[in-house]
$ cat my_file-v9.txt   # compact mmCIF, C-alpha atoms
# COMPACT_ATOMS: atom_id res chain seq x y z
CA MET C 1 0.00 0.00 0.00
CA THR C 2 1.24 3.45 -0.89
CA ALA C 3 0.80 6.04 1.81
CA LEU C 4 -1.51 8.95 1.23
CA MET C 5 -0.41 12.32 2.51
CA ARG C 6 -1.84 15.76 2.81
CA GLY C 7 0.15 18.59 1.29
CA ARG C 8 0.76 19.99 4.75
CA ASP C 9 2.33 16.68 5.83
CA LEU C 10 5.26 17.44 3.52
CA THR C 11 6.14 20.70 5.25
CA GLY C 12 9.22 20.23 7.39
CA LEU C 13 10.25 16.87 5.90
CA PRO C 14 14.03 16.72 5.42
CA VAL C 15 15.37 16.60 1.88
CA VAL C 16 18.09 13.94 1.96
CA THR C 17 20.67 13.12 -0.70
CA LEU C 18 21.18 9.49 -1.69
CA SER C 19 24.77 10.23 -2.65
CA THR C 20 25.95 11.54 0.72
CA GLY C 21 23.22 10.90 3.30
CA GLU C 22 23.03 14.60 4.13
CA ASP C 23 19.89 16.61 4.94
CA ILE C 24 20.51 19.58 2.72
CA ALA C 25 17.15 21.30 3.14
CA GLU C 26 13.60 20.79 4.28
CA VAL C 27 10.29 21.16 2.50
CA ARG C 28 8.68 24.56 2.77
CA ASP C 29 5.69 24.07 0.53
CA LEU C 30 4.30 22.08 -2.32
CA ILE C 31 4.01 23.68 -5.75
CA PHE C 32 0.67 22.63 -7.20
CA ASP C 33 -0.52 23.26 -10.74
CA PRO C 34 -4.33 23.32 -10.54
CA VAL C 35 -4.72 23.27 -14.31
CA ARG C 36 -2.81 20.02 -14.72
CA GLY C 37 -3.94 18.88 -11.29
CA GLN C 38 -0.43 17.82 -10.42
CA ILE C 39 2.59 18.62 -8.28
CA THR C 40 5.26 20.47 -10.19
CA GLY C 41 7.79 20.71 -7.40
CA LEU C 42 8.64 21.76 -3.88
CA THR C 43 9.89 25.00 -2.39
CA LEU C 44 12.58 24.56 0.24
CA ARG C 45 14.02 26.17 3.32
CA LYS C 46 17.13 25.63 5.36
CA ARG C 47 17.00 22.99 8.06
CA GLY C 48 16.06 23.93 11.60
CA LEU C 49 13.43 25.89 13.46
CA PHE C 50 14.61 29.23 12.19
CA GLY C 51 15.82 28.04 8.82
CA GLY C 52 15.49 30.73 6.20
CA LYS C 53 13.88 30.36 2.81
CA LEU C 54 16.06 28.83 0.11
CA LYS C 55 15.80 30.27 -3.35
CA GLU C 56 16.40 26.87 -4.89
CA LEU C 57 13.50 24.71 -6.02
CA LEU C 58 13.06 21.00 -6.34
CA ALA C 59 11.25 19.98 -9.52
CA VAL C 60 9.08 16.88 -9.18
CA GLU C 61 11.15 15.12 -11.85
CA GLN C 62 14.19 15.38 -9.59
CA ILE C 63 12.51 13.66 -6.65
CA HIS C 64 13.67 10.07 -6.15
CA ALA C 65 10.92 9.35 -3.62
CA ILE C 66 8.65 11.02 -1.10
CA GLY C 67 8.37 8.94 2.05
CA SER C 68 6.81 9.36 5.45
CA ASP C 69 10.09 10.57 6.93
CA ALA C 70 12.04 12.23 4.13
CA VAL C 71 12.12 13.44 0.55
CA MET C 72 14.93 11.60 -1.21
CA ILE C 73 16.93 13.17 -4.05
CA GLU C 74 20.02 11.97 -5.87
CA SER C 75 22.37 14.80 -4.92
CA SER C 76 22.52 18.51 -4.19
CA ASP C 77 22.60 19.04 -7.97
CA SER C 78 18.94 17.98 -8.02
CA ILE C 79 17.81 21.32 -6.60
CA ALA C 80 17.90 24.25 -8.98
CA ASP C 81 17.82 27.99 -9.06
CA PRO C 82 14.43 29.22 -10.32
CA ALA C 83 16.16 30.63 -13.39
CA GLU C 84 17.31 27.13 -14.29
CA ALA C 85 14.21 25.25 -13.14
CA PRO C 86 11.79 23.74 -15.66
CA ALA C 87 9.34 26.33 -16.98
CA THR C 88 6.37 24.62 -15.32
CA VAL C 89 8.01 24.94 -11.91
CA ALA C 90 9.27 28.46 -12.37
CA ASP C 91 5.86 29.61 -13.63
CA ALA C 92 4.07 28.00 -10.72
CA VAL C 93 6.37 29.77 -8.27
CA ALA C 94 6.07 33.10 -10.04
CA ASN C 95 2.28 32.78 -10.09
CA PRO C 96 1.42 30.76 -7.02
CA ALA C 97 -1.95 29.04 -7.14
CA ASP C 98 -3.16 28.29 -3.66
CA VAL C 99 -6.23 26.05 -3.83
CA ALA C 100 -6.72 26.09 -0.05
CA ASP C 101 -10.13 27.52 0.80
CA ASP C 102 -11.34 27.30 -2.79
CA MET C 103 -15.06 26.67 -3.00
CA VAL C 104 -16.17 23.23 -4.26
CA VAL C 105 -19.43 23.32 -6.18
CA THR C 106 -21.28 20.63 -8.11
CA GLU C 107 -22.41 21.21 -11.68
CA SER C 108 -25.90 21.71 -10.30
CA GLY C 109 -24.65 24.44 -8.02
CA LYS C 110 -24.56 22.60 -4.70
CA ASP C 111 -21.90 23.91 -2.35
CA LEU C 112 -19.90 20.92 -1.11
CA GLY C 113 -17.54 22.94 1.05
CA ARG C 114 -14.03 24.34 0.84
CA VAL C 115 -10.73 22.79 -0.11
CA ARG C 116 -8.71 22.14 3.01
CA ASP C 117 -5.69 20.56 1.40
CA VAL C 118 -4.47 18.51 -1.53
CA VAL C 119 -4.14 14.76 -1.02
CA LEU C 120 -1.25 13.04 -2.71
CA VAL C 121 0.39 9.68 -3.10
CA GLY C 122 4.06 9.65 -2.19
CA GLY C 123 6.62 7.15 -3.39
CA SER C 124 8.75 7.41 -6.50
CA ARG C 125 5.98 8.90 -8.63
CA PRO C 126 4.39 11.49 -6.34
CA ARG C 127 1.07 12.81 -7.60
CA VAL C 128 -2.04 14.53 -6.34
CA VAL C 129 -5.08 12.24 -6.24
CA GLY C 130 -7.66 14.61 -4.80
CA PHE C 131 -8.62 17.20 -2.26
CA GLN C 132 -9.57 17.09 1.37
CA ILE C 133 -12.67 19.25 1.78
CA GLY C 134 -14.66 20.49 4.74
CA GLY C 135 -17.09 23.07 6.02
CA GLY C 136 -19.88 22.24 3.59
CA ALA C 137 -23.30 20.63 3.84
CA VAL C 138 -21.91 17.17 3.17
CA GLY C 139 -19.33 17.28 5.93
CA ASP C 140 -15.62 16.63 5.82
CA GLY C 141 -14.34 14.25 3.20
CA PHE C 142 -12.35 13.65 0.07
CA ILE C 143 -13.01 14.36 -3.57
CA PRO C 144 -10.81 12.74 -6.20
CA ILE C 145 -9.12 14.69 -8.94
CA ASN C 146 -11.14 14.15 -12.04
CA PRO C 147 -10.48 15.09 -15.65
CA ASP C 148 -13.89 16.76 -15.70
CA THR C 149 -13.12 18.97 -12.70
CA ALA C 150 -13.20 22.58 -13.85
CA THR C 151 -11.08 24.98 -11.85
CA SER C 152 -10.81 28.73 -11.68
CA ALA C 153 -8.86 30.90 -9.30
CA ASN C 154 -11.27 30.24 -6.46
CA VAL C 155 -13.72 27.51 -7.42
CA LEU C 156 -13.66 23.82 -8.28
CA ILE C 157 -16.69 22.55 -10.19
CA VAL C 158 -17.22 18.82 -9.88
CA PRO C 159 -19.76 16.35 -11.29
CA ASP C 160 -23.05 16.09 -9.39
CA ASP C 161 -22.39 12.55 -8.20
CA PHE C 162 -19.38 13.74 -6.21
CA GLU C 163 -21.81 14.81 -3.51
CA ARG C 164 -22.75 11.17 -2.90
CA ARG C 165 -19.12 10.09 -2.98
CA VAL C 166 -18.15 12.60 -0.33
CA ARG C 167 -21.06 11.45 1.80
CA THR C 168 -20.33 7.75 1.53
CA GLU C 169 -17.12 6.13 0.38
CA HIS C 170 -14.69 8.79 1.45
CA LEU C 171 -16.08 10.08 4.70
CA GLU C 172 -13.36 8.14 6.47
CA LEU C 173 -10.86 10.56 4.97
CA SER C 174 -11.85 13.03 7.62
CA GLY C 175 -10.04 10.66 9.96
CA ASP C 176 -6.65 9.16 9.34
CA LEU C 177 -5.45 9.38 5.78
CA ALA C 178 -2.97 6.62 6.45
CA ASP C 179 -5.86 4.16 6.82
CA LEU C 180 -6.90 4.57 3.22
CA ASP C 181 -5.74 2.44 0.39
CA ALA C 182 -4.29 4.72 -2.25
CA THR C 183 -4.40 1.94 -4.78
CA ALA C 184 -8.16 1.67 -4.41
CA ILE C 185 -8.56 5.40 -4.88
CA GLU C 186 -6.38 5.41 -7.96
CA SER C 187 -8.07 2.42 -9.52
CA GLY C 188 -11.33 4.28 -8.98
CA LEU C 189 -9.86 7.27 -10.75
CA ASP C 190 -8.74 5.15 -13.66
CA ASP C 191 -12.30 4.24 -14.52
CA GLY C 192 -13.82 7.58 -13.94
CA GLY C 193 -13.75 7.86 -10.20
CA PRO C 194 -15.09 5.86 -7.28
CA ARG C 195 -18.70 4.80 -7.42
CA MET Q 1 34.53 -10.79 11.01
CA THR Q 2 34.13 -8.09 13.60
CA ARG Q 3 31.60 -5.47 14.55
CA LEU Q 4 32.10 -1.74 14.60
CA SER Q 5 30.87 -1.50 18.18
CA ALA Q 6 33.66 -3.88 19.21
CA LEU Q 7 36.24 -1.53 17.72
CA ILE Q 8 34.85 1.64 19.28
CA GLY Q 9 36.67 2.22 22.56
CA GLN Q 10 39.70 0.07 21.75
CA PRO Q 11 43.08 1.72 22.39
CA ALA Q 12 45.14 2.55 19.32
CA ILE Q 13 48.87 1.86 19.52
CA THR Q 14 51.65 2.26 16.95
CA LEU Q 15 53.63 -0.94 16.40
CA ALA Q 16 57.01 0.74 15.91
CA ASP Q 17 57.23 2.59 19.23
CA ALA Q 18 54.23 1.33 21.26
CA GLU Q 19 53.00 4.93 21.44
CA PRO Q 20 49.32 5.15 22.56
CA HIS Q 21 47.05 7.38 20.51
CA GLY Q 22 43.84 7.32 22.56
CA LYS Q 23 40.78 5.23 21.88
CA ILE Q 24 38.86 4.58 18.68
CA ASP Q 25 35.86 6.91 18.69
CA GLY Q 26 34.74 6.93 15.08
CA ALA Q 27 35.25 5.71 11.57
CA GLN Q 28 35.51 7.06 8.05
CA PHE Q 29 33.61 5.33 5.27
CA ASP Q 30 33.86 5.15 1.53
CA GLY Q 31 30.70 3.54 0.26
CA ARG Q 32 30.44 0.11 1.86
CA ARG Q 33 33.94 0.16 3.30
CA VAL Q 34 35.59 1.44 6.46
CA VAL Q 35 38.69 3.25 5.23
CA GLY Q 36 39.90 4.49 8.57
CA LEU Q 37 39.36 4.52 12.32
CA ARG Q 38 39.46 7.78 14.25
CA THR Q 39 41.08 8.61 17.58
CA LYS Q 40 41.66 11.96 19.24
CA ASP Q 41 44.95 12.13 17.32
CA GLY Q 42 43.42 11.66 13.88
CA LEU Q 43 42.62 8.95 11.38
CA ILE Q 44 44.29 5.55 11.14
CA GLU Q 45 43.94 4.10 7.66
CA THR Q 46 42.42 0.63 7.59
CA SER Q 47 45.28 -0.60 5.41
CA ALA Q 48 47.75 0.26 8.19
CA ILE Q 49 45.90 -1.75 10.84
CA ARG Q 50 47.37 -5.17 11.65
CA THR Q 51 44.06 -6.83 12.55
CA PHE Q 52 40.55 -6.08 13.76
CA GLU Q 53 40.52 -9.20 15.92
CA GLY Q 54 42.58 -8.07 18.89
CA ASP Q 55 41.78 -6.10 22.02
CA ALA Q 56 43.70 -3.09 20.75
CA ILE Q 57 44.16 -1.52 17.33
CA THR Q 58 47.84 -1.86 16.44
CA PHE Q 59 49.04 -0.15 13.31
CA ASP Q 60 52.02 0.86 11.20
CA GLY Q 61 52.58 4.32 9.88
CA ALA Q 62 51.33 7.79 10.55
CA ILE Q 63 48.00 9.19 11.64
CA SER Q 64 46.40 11.60 9.20
CA PRO Q 65 43.88 14.35 9.91
CA ALA Q 66 40.34 13.00 10.25
CA ALA Q 67 37.37 14.39 8.36
CA ASP Q 68 34.78 16.23 10.42
CA ASP Q 69 32.19 13.52 9.80
CA ALA Q 70 34.41 10.60 10.79
CA ASP Q 71 32.46 10.02 13.99
CA SER Q 72 30.60 6.92 15.08
CA PRO Q 73 27.45 6.23 13.06
CA LEU Q 74 26.01 3.96 15.76
CA GLY Q 75 22.62 5.24 16.87
CA ARG Q 76 22.09 7.14 13.61
CA ARG Q 77 18.75 6.92 11.80
CA VAL Q 78 18.48 4.44 8.94
CA LEU Q 79 16.40 5.63 5.99
CA GLY Q 80 15.20 3.53 3.09
CA ASP Q 81 15.75 5.12 -0.30
CA ASP Q 82 11.95 5.39 -0.41
CA GLY Q 83 12.08 8.04 2.32
CA ASP Q 84 10.70 5.82 5.09
CA GLU Q 85 12.71 5.38 8.27
CA ARG Q 86 13.76 1.78 8.97
CA GLY Q 87 15.03 2.34 12.50
CA ARG Q 88 18.33 3.16 14.15
CA LEU Q 89 21.74 1.72 13.41
CA VAL Q 90 22.87 -0.65 16.11
CA ASP Q 91 25.96 -2.11 14.46
CA LEU Q 92 27.90 -2.89 11.30
CA ASP Q 93 29.51 -6.25 10.55
CA LEU Q 94 32.93 -5.86 8.93
CA ASP Q 95 35.13 -8.36 7.16
CA ASP Q 96 38.90 -8.35 7.38
CA ASP Q 97 39.44 -5.57 4.84
CA GLY Q 98 36.81 -3.31 6.38
CA THR Q 99 33.98 -4.09 3.94
CA ILE Q 100 30.57 -3.82 5.57
CA THR Q 101 28.83 -7.17 5.24
CA ALA Q 102 25.72 -6.52 7.33
CA VAL Q 103 23.73 -3.65 8.83
CA VAL Q 104 22.11 -4.29 12.21
CA LEU Q 105 19.00 -2.29 13.11
CA ASP Q 106 17.45 -1.60 16.48
CA ASP Q 107 14.41 -3.76 15.74
CA GLY Q 108 16.67 -6.81 15.59
CA GLN Q 109 16.69 -6.99 11.81
CA THR Q 110 20.00 -7.52 10.03
CA LEU Q 111 20.26 -6.34 6.42
CA ASP Q 112 22.78 -7.65 3.92
CA GLY Q 113 25.63 -5.19 3.44
CA THR Q 114 24.88 -4.93 -0.27
CA ALA Q 115 21.71 -2.98 0.64
CA LEU Q 116 23.83 -0.17 2.08
CA ARG Q 117 23.96 2.92 -0.13
CA VAL Q 118 25.76 5.43 2.03
CA ILE Q 119 26.62 6.26 5.62
CA GLY Q 120 25.93 9.94 5.81
CA PRO Q 121 26.05 12.54 8.55
CA TYR Q 122 22.25 12.70 8.73
CA ALA Q 123 21.26 9.16 7.88
CA VAL Q 124 22.43 5.73 6.87
CA ILE Q 125 20.63 5.00 3.61
CA VAL Q 126 19.67 1.51 2.48
CA SER Q 127 18.12 0.37 -0.80
CA VAL Q 128 14.61 -0.92 -0.59
CA GLY Q 129 13.63 -0.54 -4.28
CA PRO Q 130 11.98 -3.32 -6.23
CA ASN Q 131 14.20 -5.84 -4.45
CA PRO Q 132 14.10 -4.97 -0.78
CA PRO Q 133 17.25 -5.76 1.19
CA ALA Q 134 17.37 -9.30 2.42
CA ALA Q 135 16.85 -9.62 6.12
CA LEU Q 136 19.57 -11.98 7.25
CA ASN Q 137 17.67 -12.48 10.44
CA ALA Q 138 14.66 -11.08 12.16
CA GLY Q 139 15.65 -11.85 15.69
CA GLU Q 140 14.77 -10.18 18.92
CA PRO Q 141 15.71 -6.53 19.18
CA PRO Q 142 19.11 -6.05 20.80
CA THR Q 143 19.08 -4.98 24.40
CA VAL Q 144 19.57 -1.27 24.60
CA ALA Q 145 22.51 -0.30 26.76
CA ASP Q 146 25.26 2.21 26.81
CA ALA Q 147 28.00 0.96 24.50
CA THR Q 148 30.51 3.08 26.32
CA ASP Q 149 30.04 0.75 29.31
CA ALA Q 150 30.87 -2.21 27.11
CA THR Q 151 34.06 -0.78 25.76
CA ASP Q 152 35.38 1.50 28.44
CA THR Q 153 37.97 -0.87 29.84
CA GLU Q 154 41.03 1.27 29.62
CA ASP Q 155 43.08 3.21 32.11
CA PRO Q 156 41.23 5.95 33.98
CA ALA Q 157 43.63 8.61 32.71
CA ASP Q 158 42.28 8.02 29.23
CA ALA Q 159 38.64 8.19 30.29
CA GLY Q 160 38.11 11.49 28.53
CA ASP Q 161 38.45 9.69 25.23
CA ALA Q 162 35.29 7.66 25.66
CA PRO Q 163 33.17 7.87 22.50
CA GLU Q 164 30.53 10.52 22.45
CA PRO Q 165 26.97 9.42 21.68
CA THR Q 166 26.16 10.57 18.17
CA ASP Q 167 22.46 10.68 18.71
CA SER Q 168 20.08 12.51 20.99
CA THR Q 169 19.20 9.23 22.66
CA GLY Q 170 22.74 9.07 23.96
CA GLU Q 171 22.40 5.31 23.99
CA LEU Q 172 24.29 2.79 21.94
CA PRO Q 173 23.39 -0.87 22.20
CA PRO Q 174 26.17 -3.40 22.74
CA PRO Q 175 27.23 -5.65 19.88
CA ASP Q 176 24.85 -8.52 19.36
CA GLY Q 177 26.45 -11.74 20.46
CA GLU Q 178 29.66 -10.07 21.60
CA PRO Q 179 30.63 -10.66 25.20
CA LEU Q 180 30.84 -7.63 27.36
CA ALA Q 181 34.38 -6.73 28.38
CA PRO Q 182 35.24 -7.36 32.03
CA PRO Q 183 35.52 -4.37 34.32
CA ALA Q 184 38.91 -2.73 34.61
CA PRO Q 185 40.98 -4.14 37.43
CA PRO Q 186 41.39 -1.83 40.37
CA GLY Q 187 44.52 0.29 40.39

$ encode --input "my_file-v9.txt" --output "structure tokens"
Amino acid sequence: MTALMRGRDLTGLPVVTLSTGEDIAEVRDLIFDPVRGQITGLTLRKRGLFGGKLKELLAVEQIHAIGSDAVMIESSDSIADPAEAPATVADAVANPADVADDMVVTESGKDLGRVRDVVLVGGSRPRVVGFQIGGGAVGDGFIPINPDTATSANVLIVPDDFERRVRTEHLELSGDLADLDATAIESGLDDGGPR
Amino acid sequence: MTRLSALIGQPAITLADAEPHGKIDGAQFDGRRVVGLRTKDGLIETSAIRTFEGDAITFDGAISPAADDADSPLGRRVLGDDGDERGRLVDLDLDDDGTITAVVLDDGQTLDGTALRVIGPYAVIVSVGPNPPAALNAGEPPTVADATDATDTEDPADAGDAPEPTDSTGELPPPDGEPLAPPAPPG
């Protein structure tokens, strides 16, 4: 089973090099591209309580693995100055898109709540699989990323049947994300989302 | 075969003039190999050491300056290359030329030395990829104790050279299966 994580769970994780076993930075924030619905990279800061912001970025392609205890990269060469980072990463940093607190509305106009966080699968191919939502009529829960999800700067529009999904299959997401089987969620996504 | 914990605390003595150089308190690694043992005087290259099997490290040649990170890795966190912590390092099995043949974790598991990627200042990293490291055993976890007690058998005047704990726990388990050294005789 691959562990599911919230975006906020990444903050503070050490970034460790496989070549030297050093912790060269820690995760400051996740760079999320809402249009593609995927992680493009991570912003970093120096290690320690009062570690300052690092200008270097870590593109998702340079990540060897995201685990529960560390983000693994090959070497310090894996982090890059924004000027040298892939365009998708540099653009996302220059124009940050924070989906937190975005409104989630069904196609029929029902307010399902607000985005609390992105939910991702770690491992060697880290990717966002959905959003943790809360504060709406259907209660706290999870909605999967879906190709039909329309996004703007502040709103996610989802198919009508997502209301039922939040109410039923994914209510447990309001509890411990670690209890969920990421494989099941992803297989549901593969055929159009969980039923 | 010997274990790193059995070497930590041993006195280092030059063969030519029987000059003591303090106790072994760390090691320098190159990949899967111990290339030197550190004392307060510096680094003794593995190639200069007569044998790992004695009660003291006797060696030919000079001591060179030790790298800053040539301390003891015992007690250090062990990370899989998937970013999940596997536990803490309890010991390393070494063959006669200093090659690491096994990695002993605090949960009692022993990994084949070929799984070792690097011994770094933050973490010891092991491969878990598509072929997870073979567990040579899955025995009971080693008893946690202060390794300095197990190795501190030398003269009181040299007590200041006792190895420093490298981890916030300050505790280093004794070598699995290795007898504890007898207490120092009075006087």

$ atom_distance --input "my_file-v9.txt" --atom1 "atom CA of C:Gln38" --atom2 "atom CA of C:Val118"
9.8 Å

$ interface_residues --input "my_file-v9.txt" --of "chain Q" --to "chain C" --cutoff "10 Å" --atoms "all atoms listed in the file" --output "VMD selection string"
chain Q and resid 31 78 to 86 117 to 127 129

$ closest_residue --input "my_file-v9.txt" --among "Q:Gly61, Q:Leu4, Q:Ser47, Q:Val34" --to "Q:Ala18" --atoms "all atoms listed in the file"
Q:Gly61

$ residues_near_point --input "my_file-v9.txt" --point "(-4.9, 15.1, -6.4)" --cutoff "6 Å" --atoms "only C-alpha atoms" --output "PyMOL selection string"
chain C and resi 118-120+128-131+145

$ closest_residue --input "my_file-v9.txt" --among "Q:Ala6, Q:Asp55, Q:Ala67, Q:Ile24" --to "Q:Val90" --atoms "all atoms listed in the file"
Q:Ala6

$ residues_near_point --input "my_file-v9.txt" --point "(-15.6, 22.7, 3.6)" --cutoff "8 Å" --atoms "all atoms listed in the file" --output "list in words"
Asp101, Met103, Val104, Leu112, Gly113, Arg114, Val115, Arg116, Ile133, Gly134, Gly135, Gly136, Ala137, Gly139 and Asp140 of chain C

$ atom_distance --input "my_file-v9.txt" --atom1 "atom CA of Q:Leu74" --atom2 "atom CA of Q:Phe59"
23.5 Å

$ atom_distance --input "my_file-v9.txt" --atom1 "atom CA of C:Ile31" --atom2 "atom CA of C:Leu54"
14.4 Å

$ residues_around --input "my_file-v9.txt" --residues "C:Thr40" --least-positions-apart "6" --cutoff "9 Å" --atoms "only C-alpha atoms" --output "VMD selection string"
chain C and resid 30 to 33 58 to 61 88 to 89 92

$ closest_residue --input "my_file-v9.txt" --among "Q:Gly113, Q:Gly54, Q:Gly75, Q:Pro65" --to "Q:Leu94" --atoms "only C-alpha atoms"
Q:Gly113

$ build_atoms --input "my_file-v9.txt" --residues "stretch 139-147 of chain C" --atoms "all heavy atoms" --output "CSV table (one decimal), in the frame of the given file"
chain,number,residue,atom,x,y,z
C,139,GLY,N,-20.3,17.6,4.9
C,139,GLY,CA,-19.3,17.3,5.9
C,139,GLY,C,-17.9,17.2,5.4
C,139,GLY,O,-17.7,17.4,4.2
C,140,ASP,N,-17.0,16.8,6.2
C,140,ASP,CA,-15.6,16.6,5.8
C,140,ASP,C,-15.4,15.4,5.0
C,140,ASP,O,-16.1,14.4,5.2
C,140,ASP,CB,-14.7,16.5,7.1
C,140,ASP,CG,-14.7,17.8,7.9
C,140,ASP,OD1,-15.1,18.9,7.3
C,140,ASP,OD2,-14.3,17.8,9.0
C,141,GLY,N,-14.6,15.4,4.0
C,141,GLY,CA,-14.3,14.2,3.2
C,141,GLY,C,-13.3,14.5,2.1
C,141,GLY,O,-12.5,15.4,2.2
C,142,PHE,N,-13.4,13.6,1.1
C,142,PHE,CA,-12.4,13.6,0.1
C,142,PHE,C,-13.1,13.7,-1.3
C,142,PHE,O,-14.0,13.0,-1.5
C,142,PHE,CB,-11.5,12.4,0.2
C,142,PHE,CG,-10.6,12.1,-0.9
C,142,PHE,CD1,-9.4,12.7,-1.0
C,142,PHE,CD2,-11.0,11.2,-1.9
C,142,PHE,CE1,-8.5,12.4,-2.1
C,142,PHE,CE2,-10.2,10.9,-3.0
C,142,PHE,CZ,-8.9,11.5,-3.1
C,143,ILE,N,-12.5,14.5,-2.2
C,143,ILE,CA,-13.0,14.4,-3.6
C,143,ILE,C,-11.8,14.1,-4.4
C,143,ILE,O,-10.7,14.7,-4.3
C,143,ILE,CB,-13.8,15.6,-4.1
C,143,ILE,CG1,-12.9,16.9,-3.9
C,143,ILE,CG2,-15.1,15.8,-3.4
C,143,ILE,CD1,-13.4,18.1,-4.7
C,144,PRO,N,-11.9,13.1,-5.3
C,144,PRO,CA,-10.8,12.7,-6.2
C,144,PRO,C,-10.6,13.8,-7.3
C,144,PRO,O,-11.6,14.5,-7.7
C,144,PRO,CB,-11.2,11.4,-6.8
C,144,PRO,CG,-12.7,11.4,-6.8
C,144,PRO,CD,-13.1,12.2,-5.6
C,145,ILE,N,-9.4,13.9,-7.7
C,145,ILE,CA,-9.1,14.7,-8.9
C,145,ILE,C,-9.8,14.0,-10.1
C,145,ILE,O,-9.8,12.7,-10.2
C,145,ILE,CB,-7.6,14.8,-9.2
C,145,ILE,CG1,-7.0,15.8,-8.2
C,145,ILE,CG2,-7.3,15.1,-10.6
C,145,ILE,CD1,-6.2,16.9,-8.8
C,146,ASN,N,-10.4,14.7,-10.9
C,146,ASN,CA,-11.1,14.2,-12.0
C,146,ASN,C,-10.9,15.0,-13.3
C,146,ASN,O,-10.8,16.2,-13.2
C,146,ASN,CB,-12.6,14.2,-11.7
C,146,ASN,CG,-13.5,13.5,-12.7
C,146,ASN,OD1,-13.7,14.0,-13.8
C,146,ASN,ND2,-14.1,12.4,-12.3
C,147,PRO,N,-10.7,14.3,-14.4
C,147,PRO,CA,-10.5,15.1,-15.6
C,147,PRO,C,-11.6,16.1,-16.0
C,147,PRO,O,-11.3,17.1,-16.6
C,147,PRO,CB,-10.4,14.0,-16.7
C,147,PRO,CG,-10.3,12.7,-16.0
C,147,PRO,CD,-10.8,12.9,-14.7
